[in-house]
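Shown next: data32.tsv, given as TSV, N, CA and C atoms.
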```tsv
chain	number	residue	atom	x	y	z
A	1	SER	N	73.00	43.29	159.56
A	1	SER	CA	73.65	44.52	159.98
A	1	SER	C	74.94	44.76	159.20
A	2	ASP	N	75.53	43.67	158.67
A	2	ASP	CA	76.74	43.82	157.87
A	2	ASP	C	76.44	44.58	156.58
A	3	THR	N	75.29	44.31	155.99
A	3	THR	CA	74.94	45.01	154.75
A	3	THR	C	74.68	46.49	155.01
A	4	GLU	N	74.12	46.79	156.19
A	4	GLU	CA	73.89	48.20	156.53
A	4	GLU	C	75.22	48.93	156.70
A	5	ASP	N	76.19	48.28	157.38
A	5	ASP	CA	77.51	48.90	157.57
A	5	ASP	C	78.21	49.08	156.23
A	6	ASN	N	78.08	48.08	155.35
A	6	ASN	CA	78.71	48.13	154.04
A	6	ASN	C	78.12	49.27	153.20
A	7	SER	N	76.80	49.40	153.21
A	7	SER	CA	76.16	50.46	152.44
A	7	SER	C	76.47	51.83	153.04
A	8	ALA	N	76.60	51.92	154.34
A	8	ALA	CA	76.93	53.19	154.99
A	8	ALA	C	78.35	53.61	154.63
A	9	SER	N	79.26	52.63	154.58
A	9	SER	CA	80.64	52.97	154.23
A	9	SER	C	80.75	53.40	152.77
A	10	LYS	N	79.95	52.76	151.87
A	10	LYS	CA	79.94	53.17	150.48
A	10	LYS	C	79.40	54.59	150.34
A	11	ALA	N	78.37	54.89	151.08
A	11	ALA	CA	77.77	56.23	151.01
A	11	ALA	C	78.75	57.27	151.52
A	12	SER	N	79.47	56.94	152.60
A	12	SER	CA	80.41	57.92	153.13
A	12	SER	C	81.61	58.07	152.20
A	13	ALA	N	81.95	56.98	151.48
A	13	ALA	CA	83.08	57.05	150.56
A	13	ALA	C	82.73	57.87	149.33
A	14	THR	N	81.49	57.80	148.88
A	14	THR	CA	81.09	58.54	147.68
A	14	THR	C	80.65	59.96	148.01
A	15	ARG	N	80.39	60.25	149.28
A	15	ARG	CA	79.95	61.59	149.65
A	15	ARG	C	81.10	62.57	149.48
A	16	ARG	N	80.81	63.68	148.86
A	16	ARG	CA	81.84	64.70	148.64
A	16	ARG	C	81.85	65.64	149.84
A	17	THR	N	83.09	65.98	150.25
A	17	THR	CA	83.21	66.96	151.32
A	17	THR	C	83.36	68.33	150.69
A	18	GLY	N	83.41	69.33	151.51
A	18	GLY	CA	83.55	70.69	151.02
A	18	GLY	C	84.89	70.89	150.33
A	19	ASN	N	85.03	71.99	149.65
A	19	ASN	CA	86.27	72.29	148.94
A	19	ASN	C	87.27	72.85	149.95
A	20	LYS	N	87.86	71.93	150.70
A	20	LYS	CA	88.80	72.34	151.74
A	20	LYS	C	90.22	72.25	151.21
A	21	LEU	N	91.09	72.97	151.85
A	21	LEU	CA	92.49	72.98	151.45
A	21	LEU	C	93.11	71.60	151.61
A	22	VAL	N	92.73	70.90	152.67
A	22	VAL	CA	93.28	69.56	152.90
A	22	VAL	C	92.88	68.62	151.77
A	23	ASP	N	91.64	68.71	151.33
A	23	ASP	CA	91.18	67.85	150.23
A	23	ASP	C	91.94	68.18	148.94
A	24	LYS	N	92.17	69.44	148.70
A	24	LYS	CA	92.90	69.84	147.50
A	24	LYS	C	94.33	69.31	147.55
A	25	GLN	N	94.98	69.44	148.70
A	25	GLN	CA	96.34	68.92	148.84
A	25	GLN	C	96.37	67.41	148.68
A	26	ARG	N	95.36	66.74	149.25
A	26	ARG	CA	95.30	65.29	149.15
A	26	ARG	C	95.17	64.86	147.70
A	27	SER	N	94.32	65.54	146.94
A	27	SER	CA	94.14	65.17	145.53
A	27	SER	C	95.42	65.43	144.73
A	28	GLN	N	96.14	66.52	145.05
A	28	GLN	CA	97.39	66.81	144.35
A	28	GLN	C	98.44	65.75	144.67
A	29	ILE	N	98.52	65.35	145.92
A	29	ILE	CA	99.49	64.31	146.31
A	29	ILE	C	99.13	62.98	145.68
A	30	ASP	N	97.83	62.66	145.64
A	30	ASP	CA	97.41	61.41	144.99
A	30	ASP	C	97.78	61.41	143.52
A	31	TYR	N	97.60	62.55	142.85
A	31	TYR	CA	97.96	62.66	141.44
A	31	TYR	C	99.46	62.44	141.26
A	32	LEU	N	100.26	63.06	142.12
A	32	LEU	CA	101.71	62.90	142.02
A	32	LEU	C	102.14	61.45	142.28
A	33	MET	N	101.46	60.80	143.22
A	33	MET	CA	101.82	59.42	143.55
A	33	MET	C	101.40	58.45	142.44
A	34	ARG	N	100.32	58.75	141.73
A	34	ARG	CA	99.92	57.90	140.61
A	34	ARG	C	100.93	57.99	139.47
A	35	ASN	N	101.49	59.16	139.25
A	35	ASN	CA	102.46	59.39	138.18
A	35	ASN	C	103.85	59.58	138.78
A	36	ILE	N	104.32	58.57	139.48
A	36	ILE	CA	105.55	58.71	140.25
A	36	ILE	C	106.79	58.79	139.36
A	37	ASP	N	106.72	58.26	138.13
A	37	ASP	CA	107.87	58.29	137.24
A	37	ASP	C	108.00	59.63	136.50
A	38	LYS	N	106.94	60.40	136.51
A	38	LYS	CA	106.94	61.68	135.80
A	38	LYS	C	107.69	62.72	136.63
A	39	PRO	N	108.65	63.46	136.03
A	39	PRO	CA	109.38	64.47	136.80
A	39	PRO	C	108.49	65.65	137.18
A	40	ILE	N	108.79	66.23	138.31
A	40	ILE	CA	108.01	67.36	138.81
A	40	ILE	C	108.73	68.65	138.45
A	41	LYS	N	108.01	69.57	137.86
A	41	LYS	CA	108.59	70.87	137.51
A	41	LYS	C	108.23	71.86	138.61
A	42	LEU	N	109.25	72.34	139.30
A	42	LEU	CA	109.03	73.33	140.35
A	42	LEU	C	109.24	74.72	139.77
A	43	PRO	N	108.40	75.67	140.13
A	43	PRO	CA	108.58	77.03	139.60
A	43	PRO	C	109.81	77.67	140.22
A	44	THR	N	110.50	78.46	139.42
A	44	THR	CA	111.67	79.17	139.91
A	44	THR	C	111.27	80.58	140.31
A	45	VAL	N	111.85	81.04	141.39
A	45	VAL	CA	111.55	82.37	141.88
A	45	VAL	C	112.84	83.18	141.81
A	46	SER	N	112.79	84.29	141.10
A	46	SER	CA	113.98	85.13	141.00
A	46	SER	C	114.06	86.03	142.22
A	47	GLU	N	115.29	86.31	142.67
A	47	GLU	CA	115.47	87.15	143.84
A	47	GLU	C	115.20	88.61	143.51
A	48	LYS	N	115.60	89.02	142.32
A	48	LYS	CA	115.41	90.41	141.92
A	48	LYS	C	114.10	90.56	141.16
A	49	PRO	N	113.33	91.59	141.45
A	49	PRO	CA	112.14	91.81	140.64
A	49	PRO	C	112.54	92.27	139.25
A	50	LEU	N	111.81	91.81	138.27
A	50	LEU	CA	112.11	92.20	136.89
A	50	LEU	C	111.53	93.58	136.64
A	51	LEU	N	112.38	94.48	136.20
A	51	LEU	CA	111.94	95.85	135.94
A	51	LEU	C	111.96	96.12	134.45
A	52	LYS	N	110.89	96.69	133.99
A	52	LYS	CA	110.85	97.12	132.60
A	52	LYS	C	111.63	98.42	132.50
A	53	PRO	N	112.28	98.66	131.38
A	53	PRO	CA	112.96	99.95	131.23
A	53	PRO	C	111.94	101.08	131.17
A	54	PRO	N	112.35	102.28	131.53
A	54	PRO	CA	111.38	103.38	131.49
A	54	PRO	C	110.93	103.64	130.06
A	55	PRO	N	109.73	104.14	129.89
A	55	PRO	CA	109.24	104.39	128.53
A	55	PRO	C	110.08	105.47	127.85
A	56	GLU	N	110.28	105.28	126.55
A	56	GLU	CA	111.07	106.25	125.78
A	56	GLU	C	110.35	107.59	125.70
A	57	ILE	N	109.09	107.54	125.32
A	57	ILE	CA	108.33	108.78	125.14
A	57	ILE	C	106.99	108.60	125.84
A	58	VAL	N	106.65	109.53	126.68
A	58	VAL	CA	105.34	109.54	127.31
A	58	VAL	C	104.55	110.66	126.66
A	59	LEU	N	103.52	110.27	125.94
A	59	LEU	CA	102.77	111.25	125.16
A	59	LEU	C	101.64	111.86	125.98
A	60	ASN	N	101.50	113.16	125.89
A	60	ASN	CA	100.34	113.88	126.38
A	60	ASN	C	100.04	113.61	127.85
A	61	VAL	N	101.04	113.70	128.70
A	61	VAL	CA	100.79	113.54	130.13
A	61	VAL	C	101.01	114.90	130.77
A	62	ARG	N	99.95	115.45	131.29
A	62	ARG	CA	100.04	116.79	131.88
A	62	ARG	C	99.98	116.75	133.40
A	63	GLY	N	99.65	115.60	133.96
A	63	GLY	CA	99.58	115.51	135.42
A	63	GLY	C	98.39	116.25	135.96
A	64	SER	N	98.61	117.00	137.03
A	64	SER	CA	97.49	117.69	137.68
A	64	SER	C	97.36	119.14	137.23
A	65	SER	N	97.95	119.47	136.10
A	65	SER	CA	97.87	120.86	135.64
A	65	SER	C	96.48	121.16	135.09
A	66	ALA	N	96.21	122.42	134.92
A	66	ALA	CA	94.90	122.83	134.40
A	66	ALA	C	94.73	122.35	132.97
A	67	GLY	N	93.56	121.94	132.64
A	67	GLY	CA	93.26	121.49	131.30
A	67	GLY	C	93.50	120.00	131.09
A	68	ALA	N	93.91	119.31	132.14
A	68	ALA	CA	94.14	117.87	132.01
A	68	ALA	C	92.80	117.15	132.05
A	69	GLY	N	92.72	116.07	131.30
A	69	GLY	CA	91.50	115.28	131.30
A	69	GLY	C	91.38	114.47	132.58
A	70	SER	N	90.28	113.76	132.71
A	70	SER	CA	90.03	113.02	133.95
A	70	SER	C	90.98	111.83	134.10
A	71	SER	N	91.46	111.27	133.00
A	71	SER	CA	92.33	110.10	133.09
A	71	SER	C	93.81	110.47	133.11
A	72	ASP	N	94.13	111.72	132.75
A	72	ASP	CA	95.54	112.10	132.65
A	72	ASP	C	96.26	112.01	133.98
A	73	PHE	N	95.59	112.42	135.05
A	73	PHE	CA	96.26	112.39	136.35
A	73	PHE	C	96.53	110.96	136.78
A	74	SER	N	95.61	110.06	136.51
A	74	SER	CA	95.82	108.66	136.87
A	74	SER	C	97.01	108.08	136.13
A	75	ILE	N	97.12	108.41	134.84
A	75	ILE	CA	98.25	107.94	134.04
A	75	ILE	C	99.55	108.52	134.58
A	76	TYR	N	99.54	109.82	134.88
A	76	TYR	CA	100.72	110.49	135.42
A	76	TYR	C	101.14	109.86	136.74
A	77	ARG	N	100.16	109.63	137.62
A	77	ARG	CA	100.45	109.07	138.94
A	77	ARG	C	101.03	107.67	138.82
A	78	ASP	N	100.49	106.88	137.91
A	78	ASP	CA	100.98	105.51	137.72
A	78	ASP	C	102.42	105.51	137.18
A	79	LEU	N	102.68	106.36	136.20
A	79	LEU	CA	104.04	106.46	135.65
A	79	LEU	C	105.03	106.96	136.70
A	80	ARG	N	104.61	107.92	137.49
A	80	ARG	CA	105.47	108.45	138.55
A	80	ARG	C	105.77	107.36	139.60
A	81	ARG	N	104.76	106.58	139.96
A	81	ARG	CA	104.94	105.51	140.93
A	81	ARG	C	105.92	104.46	140.41
A	82	LYS	N	105.75	104.07	139.15
A	82	LYS	CA	106.66	103.07	138.55
A	82	LYS	C	108.09	103.58	138.50
A	83	GLU	N	108.25	104.85	138.11
A	83	GLU	CA	109.60	105.41	138.03
A	83	GLU	C	110.23	105.52	139.41
A	84	ASN	N	109.45	105.94	140.41
A	84	ASN	CA	109.99	106.03	141.76
A	84	ASN	C	110.38	104.65	142.28
A	85	LEU	N	109.59	103.64	141.97
A	85	LEU	CA	109.92	102.27	142.38
A	85	LEU	C	111.20	101.80	141.70
A	86	ARG	N	111.33	102.11	140.43
A	86	ARG	CA	112.53	101.71	139.68
A	86	ARG	C	113.77	102.38	140.25
A	87	VAL	N	113.68	103.66	140.55
A	87	VAL	CA	114.81	104.40	141.12
A	87	VAL	C	115.16	103.85	142.51
A	88	LYS	N	114.14	103.57	143.30
A	88	LYS	CA	114.37	103.04	144.65
A	88	LYS	C	115.08	101.68	144.59
A	89	LEU	N	114.64	100.82	143.67
A	89	LEU	CA	115.28	99.51	143.53
A	89	LEU	C	116.73	99.65	143.05
A	90	MET	N	116.98	100.59	142.14
A	90	MET	CA	118.35	100.82	141.69
A	90	MET	C	119.23	101.31	142.84
A	91	GLU	N	118.68	102.19	143.68
A	91	GLU	CA	119.46	102.70	144.81
A	91	GLU	C	119.75	101.60	145.83
A	92	THR	N	118.76	100.75	146.12
A	92	THR	CA	118.99	99.67	147.08
A	92	THR	C	120.00	98.67	146.52
A	93	GLU	N	119.94	98.41	145.21
A	93	GLU	CA	120.91	97.51	144.60
A	93	GLU	C	122.32	98.09	144.66
A	94	ALA	N	122.44	99.40	144.43
A	94	ALA	CA	123.74	100.06	144.52
A	94	ALA	C	124.26	100.02	145.96
A	95	ALA	N	123.38	100.22	146.92
A	95	ALA	CA	123.78	100.17	148.33
A	95	ALA	C	124.25	98.77	148.70
A	96	LYS	N	123.55	97.74	148.21
A	96	LYS	CA	123.96	96.35	148.48
A	96	LYS	C	125.33	96.08	147.87
A	97	ASP	N	125.53	96.55	146.63
A	97	ASP	CA	126.82	96.34	145.97
A	97	ASP	C	127.95	97.01	146.74
A	98	SER	N	127.73	98.25	147.18
A	98	SER	CA	128.78	98.95	147.92
A	98	SER	C	129.05	98.26	149.26
A	99	ALA	N	128.00	97.77	149.92
A	99	ALA	CA	128.19	97.05	151.18
A	99	ALA	C	128.96	95.76	150.95
A	100	ASN	N	128.64	95.05	149.86
A	100	ASN	CA	129.38	93.82	149.55
A	100	ASN	C	130.84	94.12	149.23
A	101	ASP	N	131.11	95.20	148.50
A	101	ASP	CA	132.48	95.57	148.18
A	101	ASP	C	133.26	95.90	149.45
A	102	ALA	N	132.64	96.68	150.34
A	102	ALA	CA	133.30	97.03	151.60
A	102	ALA	C	133.58	95.77	152.43
A	103	PHE	N	132.64	94.85	152.43
A	103	PHE	CA	132.81	93.61	153.19
A	103	PHE	C	133.96	92.78	152.62
A	104	THR	N	134.01	92.64	151.29
A	104	THR	CA	135.09	91.84	150.70
A	104	THR	C	136.45	92.50	150.93
A	105	GLN	N	136.51	93.83	150.87
A	105	GLN	CA	137.76	94.53	151.15
A	105	GLN	C	138.20	94.30	152.59
A	106	GLU	N	137.24	94.35	153.51
A	106	GLU	CA	137.55	94.13	154.92
A	106	GLU	C	138.07	92.71	155.14
A	107	ILE	N	137.42	91.73	154.51
A	107	ILE	CA	137.84	90.33	154.64
A	107	ILE	C	139.25	90.15	154.08
A	108	GLU	N	139.51	90.76	152.92
A	108	GLU	CA	140.84	90.64	152.31
A	108	GLU	C	141.92	91.27	153.19
A	109	SER	N	141.62	92.43	153.77
A	109	SER	CA	142.62	93.07	154.64
A	109	SER	C	142.86	92.23	155.89
A	110	LEU	N	141.82	91.65	156.45
A	110	LEU	CA	141.99	90.79	157.62
A	110	LEU	C	142.80	89.54	157.28
A	111	LYS	N	142.55	88.95	156.11
A	111	LYS	CA	143.33	87.78	155.69
A	111	LYS	C	144.80	88.15	155.48
A	112	ARG	N	145.04	89.32	154.87
A	112	ARG	CA	146.39	89.77	154.63
A	112	ARG	C	147.14	89.97	155.95
A	113	LYS	N	146.48	90.63	156.92
A	113	LYS	CA	147.09	90.84	158.23
A	113	LYS	C	147.38	89.50	158.91
A	114	ASP	N	146.44	88.58	158.79
A	114	ASP	CA	146.60	87.26	159.39
A	114	ASP	C	147.79	86.52	158.77
A	115	GLU	N	147.89	86.59	157.44
A	115	GLU	CA	149.01	85.91	156.76
A	115	GLU	C	150.35	86.54	157.13
A	116	GLU	N	150.37	87.88	157.26
A	116	GLU	CA	151.60	88.55	157.66
A	116	GLU	C	152.03	88.11	159.06
A	117	LYS	N	151.08	88.03	159.98
A	117	LYS	CA	151.38	87.61	161.34
A	117	LYS	C	151.86	86.17	161.37
A	118	THR	N	151.21	85.32	160.58
A	118	THR	CA	151.60	83.92	160.50
A	118	THR	C	153.01	83.79	159.94
A	119	ALA	N	153.33	84.57	158.91
A	119	ALA	CA	154.67	84.52	158.31
A	119	ALA	C	155.72	84.99	159.32
A	120	LYS	N	155.39	86.03	160.06
A	120	LYS	CA	156.32	86.54	161.08
A	120	LYS	C	156.59	85.48	162.15
A	121	ASN	N	155.52	84.83	162.63
A	121	ASN	CA	155.68	83.78	163.64
A	121	ASN	C	156.44	82.59	163.07
A	122	ARG	N	156.19	82.26	161.80
A	122	ARG	CA	156.90	81.15	161.16
A	122	ARG	C	158.40	81.44	161.10
A	123	ALA	N	158.75	82.70	160.77
A	123	ALA	CA	160.15	83.10	160.71
A	123	ALA	C	160.80	82.99	162.09
A	124	LYS	N	160.06	83.39	163.13
A	124	LYS	CA	160.59	83.26	164.50
A	124	LYS	C	160.84	81.80	164.85
A	125	ARG	N	159.88	80.93	164.50
A	125	ARG	CA	160.05	79.49	164.80
A	125	ARG	C	161.26	78.93	164.08
A	126	GLN	N	161.39	79.29	162.80
A	126	GLN	CA	162.54	78.79	162.02
A	126	GLN	C	163.86	79.28	162.63
A	127	LYS	N	163.88	80.52	163.08
A	127	LYS	CA	165.08	81.08	163.69
A	127	LYS	C	165.43	80.33	164.97
A	128	ARG	N	164.41	80.08	165.79
A	128	ARG	CA	164.64	79.32	167.04
A	128	ARG	C	165.14	77.92	166.75
A	129	LYS	N	164.53	77.28	165.73
A	129	LYS	CA	164.94	75.92	165.37
A	129	LYS	C	166.41	75.90	164.93
A	130	SER	N	166.75	76.89	164.07
A	130	SER	CA	168.14	76.92	163.57
A	130	SER	C	169.13	77.20	164.71
A	131	LYS	N	168.74	78.06	165.66
A	131	LYS	CA	169.61	78.32	166.82
A	131	LYS	C	169.75	77.07	167.68
A	132	ALA	N	168.63	76.35	167.84
A	132	ALA	CA	168.68	75.13	168.65
A	132	ALA	C	169.54	74.07	167.98
A	133	LYS	N	169.47	73.95	166.65
A	133	LYS	CA	170.31	72.99	165.92
A	133	LYS	C	171.77	73.38	166.03
A	134	GLY	N	172.05	74.69	165.94
A	134	GLY	CA	173.42	75.16	166.04
A	134	GLY	C	173.99	74.90	167.43
A	135	ALA	N	173.20	75.11	168.46
A	135	ALA	CA	173.65	74.87	169.82
A	135	ALA	C	173.86	73.39	170.05
A	136	LYS	N	173.01	72.56	169.45
A	136	LYS	CA	173.12	71.11	169.60
A	136	LYS	C	174.42	70.62	168.96
A	137	LYS	N	174.75	71.17	167.78
A	137	LYS	CA	175.96	70.77	167.07
A	137	LYS	C	177.21	71.17	167.87
A	138	LEU	N	177.15	72.36	168.47
A	138	LEU	CA	178.29	72.81	169.26
A	138	LEU	C	178.48	71.98	170.51
A	139	ALA	N	177.38	71.56	171.10
A	139	ALA	CA	177.43	70.77	172.33
A	139	ALA	C	177.97	69.36	172.05
A	140	SER	N	177.72	68.82	170.89
A	140	SER	CA	178.19	67.46	170.61
A	140	SER	C	179.51	67.42	169.95
```
Written form, structure tokens:
Amino acid sequence: SDTEDNSASKASATRRTGNKLVDKQRSQIDYLMRNIDKPIKLPTVSEKPLLKPPPEIVLNVRGSSAGAGSSDFSIYRDLRRKENLRVKLMETEAAKDSANDAFTQEIESLKRKDEEKTAKNRAKRQKRKSKAKGAKKLAS
């Protein structure tokens, strides 16, 4: 019965399972663990989408006007969509910049007010200390 168990375990070990996500992850981790000294390159993700500049010249685009070919409207629609996306991203970036500027100005004004109040209180403390020292000297 030991030989039957041994042969069954070999068969189950050599049997391939389906192409499951867990199996794929396991094989990737095994590969990384075999080459543990090799550095791992992680892909970088940029926060801003990369925008191509608008085309300098768009040739022969008539849009939906009369006499346009069957592909002209598709080209026009695609160019219009790209340009609208580019303009929208520029507007959102400008809005973010203005919001950040307003925020930094607000923080600076709050810090300035705080420092002024602290300086005023410091002057009061110094004045009280000097009066207390003067009174102490007179008393002794």
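Going from CA of Arg80 (chain A) to CA of Ile57 (chain A) covers 13.7 Å.
One distance worth recording is that between CA of Pro54 (chain A) and CA of Glu83 (chain A), which is 7.1 Å.
As for CA of Ala94 (chain A) and CA of Pro53 (chain A), they are spaced 17.1 Å apart.
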